[in-house]
Amino acid sequence: MFWNAFLLALRDIRRNALRSFLTSLGIIIGVAAVITMVTMGNGATRKITSEIQSLGTNLLQVRLGQGFHGPGGVRQVVTSFSVKDAEAIAAEISGIGAVAPKAESLTQAIYGNQNWSTVVVGSNNGFMEVRDWPVCRGRQFTRGELKAGKAVCILGSTVVTKLFGNEDPIGAVIRLKKLSFRVTGVFQTKGQSTFGRDQDDFILVPLRIYQRRIAGNTKVSSIYVSVKNGFSIDRVKQDIERLMRERRHIHNGSEDDFHILDMREIVKILSGTTNVLTSLLSAVAGVSLLVGGIGIMNIMLVSVTERTREIGIRLAIGALEREVLMQFLVEAVVLSSLGGTIGIIFAMILSVWLSRVLLVPFVFTPAIIVVAFSFSVAVGIFFGYFPARKAARLNPIEALRYE
């Protein structure tokens with residue numbers, strides 16, 4: 001009985017091909033939109049996670065706060081970090097892999113007749129370790145260069161492109177402000193960050209010469225800390241917080257004038273945000289499925305009216321109500337299933353194209369495809385039942401009289 005009903009459904013769909021396609025269009029759009037939104041959302045989440053993790057493994061960043069309220073509720077000026085703070089963290093906290101004090105400013109870099117405004121970062125070789133950012137050409141700073149504050153630098157790939165083009169920068173001399181720096185290395189390319197910032201647009205110099213000749217002070221804006229594998233990041237974070245409160249003379253009950261960023265927390269927050277947005281957009285797209293279901297019900301009611309005499313003849317020659325019910329219900333399900341199948345194909349093509357355009361990874365999720373297709377079938381059953389029931393309950397005599 002089911003097979004006969006299926007063949008009849010296909011015959012009627014072919015007989016009104018254009019109307020059948022337009023009826024399924026709502027299902028096609030709904031399924032395609034839901035799958036595309038979820039696929040793009042998962043791709044964005046994976047991209048954000050990988051990019052934040054690329055900042056460094058087991059990374060903590062100690063940063064200055066906005067100040068704290070002193071006596072009388074007056075907001076106090078925040079004292080900058082110092083190199084000694086970074087040295088104390090490395091010496092007194094267990095589980096530390098590397099520590100990199102950091103200071104930075106915007107500076108004009110000049111080579112020959114080329115110039116480029118970029119960020120100059122003062123730090124040490126620990127910067128490469130905590131940020132998991134290797135030098136792909138040349139070398140890191142030597143111990144003597146760091147200790148003496150030699151005028152050497154390592155370039156990000158964007159700076160190399162802007163100043164040198166295809167020329168090899170290793171050993172070349174560039175100017176930062178009025179100082180000449182010799183290029184010792186080039187960083188591996190990382191590309192744009194999640195927030196659209198070019199991560200490769202910077203120059204690294206020894207912290208000592210940065211403070212002495214570029215910044216003109218001994219301030220450190222932040223301290224990067226990497227935690228060794230096997231040690232608790234939360235425990236290390238608590239130990240650093242305790243140590244910094246002691247060194248900055250913050251009394252019990254007073255608020256910190258610094259904060260410690262844990263990259264795991266940032267990943268969790270951003271991933272949660274993208275998941276919420278994906279769910280919201282998918283829910284909005286899912287409305288198209290309901291609209292498509294209403295369209296199917298509407299067309300099936302029209303079909304019942306058009307085929308009233310046919311139904312009456314079938315009932316008069318002995319067809320059972322359940323057979324008529326099955327015929328129209330199967331036709332509605334076939335319509336919605338075809339719409340779901342076409343929607344899945346269209347969604348895959350659209351998702352691959354958008355992944356390339358938006359530069360996010362294509363994340364194939366079989367579960368959402370199964371859910372979307374199942375939902376399209378359920379929509380066909382739900383919205384096709386009422387027209388099928390109406391057809392099955394027609395009075396054969398009245399149906400035969402229908403013109």
# chains A, B, ... in the order shown; residues from 1 in each chain; ligands from 1

call {"tool": "residues_around", "arguments": {"residues": "Tyr210 of chain A", "least_positions_apart": "2", "cutoff": "10 Å", "atoms": "only C-alpha atoms", "output": "VMD selection string"}}
result
chain A and resid 102 to 105 120 to 123 149 to 151 204 to 208 212 to 218

call {"tool": "atom_distance", "arguments": {"atom1": "atom CA of Gly26 of chain A", "atom2": "atom CA of Ser288 of chain A"}}
result
5.8 Å

call {"tool": "select_by_dssp", "arguments": {"residues": "segment 42-172 of chain A", "states": "alpha helix (DSSP H)", "output": "VMD selection string"}}
result
chain A and resid 42 to 53 83 to 92 126 to 130 143 to 148 157 to 164

call {"tool": "select_by_dssp", "arguments": {"residues": "segment 99-308 of chain A", "states": "strand (DSSP E or B)", "output": "PyMOL selection string"}}
result
chain A and resi 99-111+114-123+135-138+152-155+173-176+179-187+192+198+202-206+220+222-227+258-262

call {"tool": "residues_around", "arguments": {"residues": "segment 83-99 of chain A", "least_positions_apart": "5", "cutoff": "6 Å", "atoms": "only C-alpha atoms", "output": "PyMOL selection string"}}
result
chain A and resi 126+224-228+231

call {"tool": "write_last_selection", "arguments": {"atoms": "C-alpha atoms", "output": "compact mmCIF listing (two decimals), in the first residue's frame"}}
result
# COMPACT_ATOMS: atom_id res chain seq x y z
CA GLY A 126 60.76 34.50 26.05
CA TYR A 224 53.41 37.25 29.33
CA VAL A 225 53.74 34.00 31.28
CA SER A 226 53.63 30.46 29.91
CA VAL A 227 52.82 27.54 32.20
CA LYS A 228 54.64 24.23 31.85
CA PHE A 231 51.08 22.22 36.10
